[in-house]
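To start, the structure under review is shown below, and the notes come after it.
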Amino acid sequence: MKYFNLFSNIIIAKGATRILISDLQRNLSDLYPLELYDIIEELKNEAIENVLENYDAESKQLVHEYIDFLLEKEYGFITNEDWDGNFLPLSYEFHEANKISNIFIEIDNVLVLDKIKNSIDNLGVKHVVIYCTQELSIKEYQSIDNKFKGTVLEGIEIYSPFHNALDKEFFQILNQSTSRIYNLIFYNCKKIPFNTKEIFRFNINFSHENFKISACGKVDLKYFNTNLPKILEAINHNSCLHKKIGIDIEGNIKNCPLMPEKFGNIHHSSLEEIYIQNGFKKYWDLTKDKIEICKDCEFRYICTDCRAYTERTHTNKEGLDISKPLKCGYDPYTGKWDDWSKNPIKQKAIKFYGLSELVEK
């Protein structure tokens with residue numbers, strides 16, 4: 001008897017109309033029809049010969065073709081006996097030693113960052129995203145990087161307005177004098193000042209758009225990412241808010257700067273105090289499997305959730321918003337993408353959040 005064995009690094013997300021197979025070794029995901037899911041499920045429990053007995057001649061040929069396809073894609077392998085129990089399955093558990101992994105902070109002055117410096121080590125923060133409303137000089141970029149010297153912080157991403165001093169020499173100096181800045185995004189850029197293909201230690205992006213943090217939360221294929229840590233976190237926790245702290249321009253501490261609920265203010269409270277506050281972690285374990293419509297979507301483990309902007313249609317018994325993200329135009333029941341901002345069902349929520357001006361652009 002021959003058996004088909006699925007490699008443990010293969011995760012299958014079943015949607016309403018199709019499946020997504022994610023290869024966590026190659027970091028690739030591909031879409032396939034639902035009938036393939038049913039065949040794989042049968043092959044998990046039965047010998048290939050026994051599975052084939054359930055099909056007529058024409059369908060048997062289809063099953064053979066699917067098995068050949070699965071072998072060609074290296075999603076699994078054939079054995080002459082049932083090897084169930086001979087291989088340890090991939091653990092779907094997700095562990096991070098740090099209490100907080102990410103901080104998103106909106107600032108108009110780099111001095112505000114002094115308020116979070118001591119908390120970086122205490123909470124084990126690995127990444128900080130800074131959205132700055134003011135133009136930053138080279139000394140200010142260096143100051144931001146130096147503030148976290150000697151801490152456990154691994155990376156700093158900065159959004160800031162474009163200005164004319166941003167020439168090649170500016171970045172060459174920055175490249176040599178900073179160590180934690182890994183991504184720079186400059187908005188309101190009328191003209192790209194130089195060829196950004198030159199290799200620096202960090203990434204540089206220039207955009208003509210006037211970035212606002214209210215533009216965050218868009219669900220799009222280009223933002224999807226297949227990798228083991230991301231998928232395991234999405235299976236067990238909320239893919240956006242888990243171990244995240246948001247701080248808005250006024251210093252209010254939230255789950256996300258765009259969410260309304262405030263848990264304190266950086267000028268009066270430490271992040272450590274907020275971390276242990278009742279209710280601060282309430283969204284951390286809200287997975288896509290618990291969110292309406294998302295739970296039927298094949299992309300749910302590679303997609304980043306948004307609780308700041310939702311369709312505002314459902315809440316669970318704990319009072320958590322379990323509505324589909326507002327800025328998602330994908331319908332898992334039809335398998336089609338549409339412009340979310342033009343969906344008449346979403347217009348009430350768009351008006352509630354004051355996003356009408358944003359979506360009309």
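Within each chain, counting starts at residue 1; across the structure tokens, chains are named A, B, ... in the order shown, with ligands numbered 1 upward in that order.
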
From the DSSP assignment of the backbone, select every residue of range 90-296 of chain A that is strand (DSSP E), and format the answer as number ranges by chain. A: 102-107, 127-132, 155-161, 181-187, 203-206, 244-247, 252-254, 264-265

Residue subset to file, keeping N, CA and C atoms, as a compact mmCIF listing (two decimals), in the first residue's frame:
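Printed below is again.txt as written:
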```
# COMPACT_ATOMS: atom_id res chain seq x y z
N ASN A 102 6.73 45.62 19.02
CA ASN A 102 6.72 46.79 18.15
C ASN A 102 6.06 48.00 18.82
N ILE A 103 6.62 49.17 18.54
CA ILE A 103 6.01 50.43 18.95
C ILE A 103 5.83 51.29 17.71
N PHE A 104 4.63 51.82 17.52
CA PHE A 104 4.38 52.79 16.45
C PHE A 104 4.10 54.11 17.14
N ILE A 105 4.92 55.12 16.86
CA ILE A 105 4.77 56.40 17.53
C ILE A 105 4.74 57.54 16.52
N GLU A 106 3.79 58.42 16.70
CA GLU A 106 3.64 59.61 15.86
C GLU A 106 4.25 60.79 16.63
N ILE A 107 5.18 61.51 16.00
CA ILE A 107 5.87 62.59 16.71
C ILE A 107 5.95 63.85 15.86
N HIS A 127 11.40 46.55 17.45
CA HIS A 127 11.25 47.48 16.33
C HIS A 127 10.42 48.70 16.73
N VAL A 128 10.82 49.85 16.21
CA VAL A 128 10.07 51.08 16.41
C VAL A 128 9.78 51.71 15.05
N VAL A 129 8.53 52.06 14.82
CA VAL A 129 8.13 52.78 13.61
C VAL A 129 7.78 54.20 14.03
N ILE A 130 8.44 55.17 13.41
CA ILE A 130 8.24 56.58 13.75
C ILE A 130 7.60 57.30 12.57
N TYR A 131 6.46 57.93 12.83
CA TYR A 131 5.83 58.78 11.83
C TYR A 131 6.01 60.21 12.29
N CYS A 132 6.79 60.98 11.54
CA CYS A 132 7.10 62.35 11.93
C CYS A 132 6.37 63.34 11.03
N GLY A 155 15.63 47.54 15.08
CA GLY A 155 15.38 48.30 13.86
C GLY A 155 14.48 49.49 14.07
N ILE A 156 14.74 50.55 13.28
CA ILE A 156 13.92 51.76 13.32
C ILE A 156 13.48 52.09 11.90
N GLU A 157 12.19 52.29 11.73
CA GLU A 157 11.62 52.70 10.44
C GLU A 157 11.05 54.09 10.62
N ILE A 158 11.34 55.00 9.68
CA ILE A 158 10.93 56.39 9.85
C ILE A 158 10.19 56.91 8.62
N TYR A 159 9.00 57.48 8.85
CA TYR A 159 8.25 58.22 7.84
C TYR A 159 8.40 59.70 8.15
N SER A 160 8.80 60.48 7.17
CA SER A 160 8.95 61.92 7.40
C SER A 160 8.79 62.69 6.09
N PRO A 161 8.49 64.00 6.17
CA PRO A 161 8.30 64.80 4.94
C PRO A 161 9.62 64.95 4.17
N ILE A 181 18.60 52.31 12.01
CA ILE A 181 17.64 52.72 10.99
C ILE A 181 17.75 51.76 9.80
N TYR A 182 16.62 51.12 9.44
CA TYR A 182 16.66 50.16 8.35
C TYR A 182 15.73 50.53 7.19
N ASN A 183 14.81 51.48 7.42
CA ASN A 183 13.89 51.86 6.35
C ASN A 183 13.50 53.32 6.50
N LEU A 184 13.59 54.08 5.40
CA LEU A 184 13.25 55.50 5.40
C LEU A 184 12.23 55.76 4.31
N ILE A 185 11.12 56.38 4.67
CA ILE A 185 10.08 56.72 3.71
C ILE A 185 9.85 58.22 3.76
N PHE A 186 10.00 58.87 2.62
CA PHE A 186 9.82 60.32 2.55
C PHE A 186 8.58 60.63 1.71
N TYR A 187 7.65 61.33 2.29
CA TYR A 187 6.40 61.66 1.59
C TYR A 187 6.40 63.12 1.16
N ASN A 203 16.94 50.90 3.48
CA ASN A 203 16.10 51.12 2.30
C ASN A 203 15.64 52.57 2.27
N ILE A 204 15.51 53.13 1.07
CA ILE A 204 15.03 54.51 0.91
C ILE A 204 13.86 54.50 -0.06
N ASN A 205 12.76 55.15 0.32
CA ASN A 205 11.59 55.25 -0.55
C ASN A 205 11.11 56.69 -0.60
N PHE A 206 10.91 57.19 -1.82
CA PHE A 206 10.37 58.54 -2.01
C PHE A 206 8.96 58.42 -2.58
N LYS A 244 1.91 44.91 20.42
CA LYS A 244 2.16 46.21 19.79
C LYS A 244 1.62 47.32 20.68
N ILE A 245 2.35 48.44 20.70
CA ILE A 245 1.89 49.66 21.38
C ILE A 245 1.87 50.79 20.35
N GLY A 246 0.80 51.56 20.37
CA GLY A 246 0.70 52.73 19.50
C GLY A 246 0.64 54.01 20.33
N ILE A 247 1.32 55.04 19.86
CA ILE A 247 1.32 56.32 20.56
C ILE A 247 1.01 57.41 19.54
N ASN A 252 -0.94 59.99 23.52
CA ASN A 252 -1.90 59.01 24.03
C ASN A 252 -1.45 57.59 23.66
N ILE A 253 -1.47 56.70 24.64
CA ILE A 253 -1.01 55.33 24.44
C ILE A 253 -2.22 54.45 24.14
N LYS A 254 -2.14 53.72 23.03
CA LYS A 254 -3.26 52.92 22.54
C LYS A 254 -2.75 51.58 22.02
N GLY A 264 -3.62 55.69 28.56
CA GLY A 264 -2.76 56.57 29.32
C GLY A 264 -2.07 57.53 28.38
N ASN A 265 -1.11 58.30 28.90
CA ASN A 265 -0.37 59.26 28.08
C ASN A 265 1.11 59.14 28.41
```

Got a sec: who's within 10 Å of Asp331 in chain A, counting only C-alpha atoms, leaving out chain neighbours fewer than 6 positions off, as a PyMOL selection string? chain A and resi 16-17+293-294+296-297+337-338

Keeping only N, CA, C and O atoms, take the residues you just selected and write them out as a short mmCIF file (atom, residue, chain, number, x, y, z; two decimals), in the first residue's frame.
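Saved as again-v7.cif:
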```cif
data_model
loop_
_atom_site.label_atom_id
_atom_site.label_comp_id
_atom_site.auth_asym_id
_atom_site.auth_seq_id
_atom_site.Cartn_x
_atom_site.Cartn_y
_atom_site.Cartn_z
N ALA A 16 -13.65 29.89 1.36
CA ALA A 16 -15.01 29.54 0.95
C ALA A 16 -15.05 28.98 -0.47
O ALA A 16 -15.89 28.13 -0.78
N THR A 17 -14.14 29.43 -1.35
CA THR A 17 -14.19 29.00 -2.74
C THR A 17 -12.90 28.37 -3.25
O THR A 17 -12.88 27.77 -4.32
N ILE A 293 -16.22 36.99 8.11
CA ILE A 293 -15.79 36.95 6.70
C ILE A 293 -14.33 36.54 6.59
O ILE A 293 -14.00 35.64 5.80
N CYS A 294 -13.45 37.14 7.38
CA CYS A 294 -12.04 36.75 7.34
C CYS A 294 -11.87 35.26 7.65
O CYS A 294 -10.98 34.60 7.10
N ASP A 296 -13.50 32.89 6.70
CA ASP A 296 -13.78 32.10 5.50
C ASP A 296 -12.85 32.45 4.34
O ASP A 296 -13.09 32.04 3.20
N CYS A 297 -11.79 33.20 4.65
CA CYS A 297 -10.87 33.68 3.60
C CYS A 297 -9.60 32.84 3.58
O CYS A 297 -8.98 32.59 4.62
N TRP A 337 -11.72 40.63 -6.24
CA TRP A 337 -11.28 41.86 -5.59
C TRP A 337 -12.01 43.04 -6.21
O TRP A 337 -12.13 43.13 -7.42
N ASP A 338 -12.49 43.94 -5.36
CA ASP A 338 -13.12 45.18 -5.82
C ASP A 338 -12.53 46.35 -5.04
O ASP A 338 -11.87 46.17 -4.01
#
```

Could you please write out, as a PyMOL selection string, every residue of range 83-141 of chain A that DSSP assigns to helix (DSSP H, G or I)? chain A and resi 110-123+138-141

Would you put the residues from that selection into a file with all heavy atoms, as a CSV table (one decimal), in the first residue's frame?
```
chain,number,residue,atom,x,y,z
A,110,VAL,N,11.7,65.0,18.0
A,110,VAL,CA,12.4,63.8,18.4
A,110,VAL,C,12.6,63.7,19.9
A,110,VAL,O,12.9,62.6,20.4
A,110,VAL,CB,13.8,63.8,17.6
A,110,VAL,CG1,13.6,63.7,16.1
A,110,VAL,CG2,14.7,64.9,18.0
A,111,LEU,N,12.5,64.8,20.6
A,111,LEU,CA,12.7,64.7,22.1
A,111,LEU,C,11.7,63.8,22.7
A,111,LEU,O,11.9,63.3,23.8
A,111,LEU,CB,12.7,66.1,22.7
A,111,LEU,CG,13.8,67.1,22.2
A,111,LEU,CD1,13.6,68.4,22.9
A,111,LEU,CD2,15.1,66.5,22.7
A,112,VAL,N,10.5,63.6,22.1
A,112,VAL,CA,9.5,62.8,22.7
A,112,VAL,C,10.0,61.3,22.8
A,112,VAL,O,9.5,60.6,23.7
A,112,VAL,CB,8.2,62.8,21.8
A,112,VAL,CG1,7.2,61.8,22.3
A,112,VAL,CG2,7.7,64.2,21.7
A,113,LEU,N,10.9,60.9,22.0
A,113,LEU,CA,11.4,59.6,22.0
A,113,LEU,C,12.1,59.3,23.3
A,113,LEU,O,12.3,58.1,23.7
A,113,LEU,CB,12.4,59.3,20.8
A,113,LEU,CG,11.7,59.4,19.5
A,113,LEU,CD1,12.7,59.3,18.4
A,113,LEU,CD2,10.6,58.4,19.3
A,114,ASP,N,12.6,60.3,24.0
A,114,ASP,CA,13.2,60.1,25.3
A,114,ASP,C,12.2,59.4,26.3
A,114,ASP,O,12.7,58.8,27.3
A,114,ASP,CB,13.7,61.4,25.9
A,114,ASP,CG,14.9,62.0,25.2
A,114,ASP,OD1,15.7,61.2,24.6
A,114,ASP,OD2,15.0,63.2,25.1
A,115,LYS,N,11.0,59.6,26.1
A,115,LYS,CA,9.9,59.1,27.0
A,115,LYS,C,9.8,57.6,26.9
A,115,LYS,O,9.3,56.9,27.8
A,115,LYS,CB,8.6,59.7,26.7
A,115,LYS,CG,8.5,61.2,26.8
A,115,LYS,CD,8.5,61.6,28.3
A,115,LYS,CE,8.3,63.1,28.4
A,115,LYS,NZ,8.3,63.5,29.9
A,116,ILE,N,10.2,57.0,25.8
A,116,ILE,CA,10.1,55.6,25.6
A,116,ILE,C,11.4,54.8,25.7
A,116,ILE,O,11.5,53.6,25.7
A,116,ILE,CB,9.4,55.2,24.3
A,116,ILE,CG1,10.3,55.6,23.1
A,116,ILE,CG2,8.1,55.9,24.2
A,116,ILE,CD1,9.8,55.0,21.8
A,117,LYS,N,12.5,55.6,25.8
A,117,LYS,CA,13.9,54.9,25.8
A,117,LYS,C,14.1,53.9,26.8
A,117,LYS,O,14.5,52.7,26.5
A,117,LYS,CB,14.9,56.0,25.9
A,117,LYS,CG,16.4,55.5,25.8
A,117,LYS,CD,17.4,56.6,26.0
A,117,LYS,CE,18.8,56.0,26.0
A,117,LYS,NZ,19.8,57.0,26.1
A,118,ASN,N,13.7,54.2,28.1
A,118,ASN,CA,13.9,53.2,29.2
A,118,ASN,C,13.1,52.0,29.0
A,118,ASN,O,13.4,50.9,29.5
A,118,ASN,CB,13.7,53.9,30.5
A,118,ASN,CG,14.8,54.9,30.8
A,118,ASN,OD1,15.9,54.8,30.3
A,118,ASN,ND2,14.5,55.9,31.6
A,119,SER,N,11.9,52.2,28.4
A,119,SER,CA,11.0,51.1,28.3
A,119,SER,C,11.4,50.0,27.2
A,119,SER,O,10.9,48.9,27.2
A,119,SER,CB,9.6,51.6,27.9
A,119,SER,OG,9.1,52.5,28.9
A,120,ILE,N,12.3,50.4,26.3
A,120,ILE,CA,12.7,49.6,25.2
A,120,ILE,C,13.3,48.3,25.8
A,120,ILE,O,12.9,47.2,25.4
A,120,ILE,CB,13.7,50.3,24.3
A,120,ILE,CG1,13.1,51.5,23.6
A,120,ILE,CG2,14.3,49.3,23.3
A,120,ILE,CD1,12.0,51.1,22.6
A,121,ASP,N,14.3,48.4,26.7
A,121,ASP,CA,14.9,47.2,27.3
A,121,ASP,C,14.0,46.5,28.3
A,121,ASP,O,13.9,45.3,28.3
A,121,ASP,CB,16.2,47.7,28.1
A,121,ASP,CG,17.3,47.9,27.1
A,121,ASP,OD1,17.3,47.3,26.0
A,121,ASP,OD2,18.3,48.6,27.5
A,122,ASN,N,13.2,47.3,29.0
A,122,ASN,CA,12.3,46.6,30.0
A,122,ASN,C,11.2,45.7,29.4
A,122,ASN,O,10.9,44.7,29.9
A,122,ASN,CB,11.6,47.7,30.9
A,122,ASN,CG,12.6,48.5,31.8
A,122,ASN,OD1,13.7,48.0,32.1
A,122,ASN,ND2,12.2,49.7,32.2
A,123,LEU,N,10.8,46.2,28.2
A,123,LEU,CA,9.7,45.4,27.5
A,123,LEU,C,10.3,44.5,26.4
A,123,LEU,O,9.6,43.7,25.8
A,123,LEU,CB,8.7,46.4,26.9
A,123,LEU,CG,7.9,47.2,28.0
A,123,LEU,CD1,7.0,48.2,27.3
A,123,LEU,CD2,7.1,46.3,28.9
A,138,ILE,N,19.8,65.9,9.3
A,138,ILE,CA,20.7,64.8,9.5
A,138,ILE,C,21.0,64.5,10.9
A,138,ILE,O,21.1,63.4,11.4
A,138,ILE,CB,21.9,64.9,8.6
A,138,ILE,CG1,22.7,63.6,8.5
A,138,ILE,CG2,22.9,66.0,9.1
A,138,ILE,CD1,23.7,63.5,7.4
A,139,LYS,N,21.2,65.6,11.7
A,139,LYS,CA,21.5,65.5,13.1
A,139,LYS,C,20.3,64.9,13.9
A,139,LYS,O,20.5,64.1,14.8
A,139,LYS,CB,21.8,66.9,13.7
A,139,LYS,CG,23.2,67.4,13.2
A,139,LYS,CD,23.5,68.7,14.0
A,139,LYS,CE,24.9,69.2,13.6
A,139,LYS,NZ,25.2,70.5,14.3
A,140,GLU,N,19.1,65.2,13.4
A,140,GLU,CA,18.0,64.6,14.1
A,140,GLU,C,17.8,63.1,13.8
A,140,GLU,O,17.5,62.3,14.7
A,140,GLU,CB,16.7,65.3,13.7
A,140,GLU,CG,16.6,66.7,14.3
A,140,GLU,CD,15.4,67.5,13.8
A,140,GLU,OE1,15.3,67.6,12.6
A,140,GLU,OE2,14.7,68.1,14.6
A,141,TYR,N,18.2,62.7,12.6
A,141,TYR,CA,18.2,61.3,12.2
A,141,TYR,C,19.3,60.5,13.1
A,141,TYR,O,19.0,59.5,13.6
A,141,TYR,CB,18.4,61.0,10.8
A,141,TYR,CG,17.2,61.2,9.9
A,141,TYR,CD1,17.1,62.4,9.1
A,141,TYR,CD2,16.2,60.3,9.9
A,141,TYR,CE1,16.0,62.6,8.3
A,141,TYR,CE2,15.1,60.5,9.1
A,141,TYR,CZ,15.0,61.6,8.3
A,141,TYR,OH,13.9,61.8,7.5
```

Separation of CA of Thr133 in chain A from CA of Phe202 in chain A, in Å and rounded to one decimal: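 Interatomic distance, CA of Thr133 in chain A to CA of Phe202 in chain A: 20.9 Å.
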
Between A:Val125, A:Leu71, A:Asn9, A:Ile21, single out the one closest to Tyr37 in chain A, counting only C-alpha atoms.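 Residue with the minimum atom-to-atom distance to Tyr37 in chain A: A:Ile21.
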
At what distance in Å, to one decimal, does CA of Leu232 in chain A lie from CA of Glu93 in chain A?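 Distance between the two atoms: 6.7 Å.
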
Separation of CA of Ser323 in chain A from CA of Thr310 in chain A, in Å and rounded to one decimal: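 If I compute the distance from CA of Ser323 in chain A to CA of Thr310 in chain A, I get 5.8 Å.
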
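Residue nearest Gly354 in chain A, chosen from A:Ile291, A:Ser214, A:Leu221, A:Asn80 and counting only C-alpha atoms: A:Ser214.
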
Go through A:Ile100, A:Met259, A:Leu286, A:Ile302 and flag the residue nearest Leu153 in chain A, using only C-alpha atoms for the distances.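 Under the stated criterion, the closest residue is A:Ile100.
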
Per-residue nearest contacts of range 276-336 of chain A to range 346-351 of chain A (12 Å; only C-alpha atoms) as a tab-separated table:
```
residue	atom	partner	partner_atom	distance
A:Ala308	CA	A:Ala349	CA	11.5
A:Tyr309	CA	A:Ala349	CA	8.2
A:Thr310	CA	A:Ala349	CA	7.4
A:Glu311	CA	A:Ala349	CA	5.7
A:Arg312	CA	A:Ala349	CA	6.6
A:Thr313	CA	A:Ala349	CA	9.2
A:Ser323	CA	A:Ala349	CA	11.1
A:Lys324	CA	A:Lys346	CA	10.5
A:Pro325	CA	A:Lys346	CA	10.2
A:Leu326	CA	A:Lys346	CA	7.0
A:Lys327	CA	A:Lys346	CA	9.0
A:Cys328	CA	A:Lys346	CA	10.1
A:Gly329	CA	A:Lys346	CA	10.0
```

Counting only C-alpha atoms, the residue of A:Arg300, A:Lys342, A:Lys222, A:Lys317 that sits nearest Gly15 in chain A: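 Nearest candidate to Gly15 in chain A out of A:Arg300, A:Lys342, A:Lys222, A:Lys317: A:Arg300.
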
Which residue gives the smallest distance to Thr196 in chain A among A:Leu36, A:Leu24, A:Ile67, A:Leu166, with only C-alpha atoms counted?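 Smallest distance to Thr196 in chain A is found for A:Leu166.
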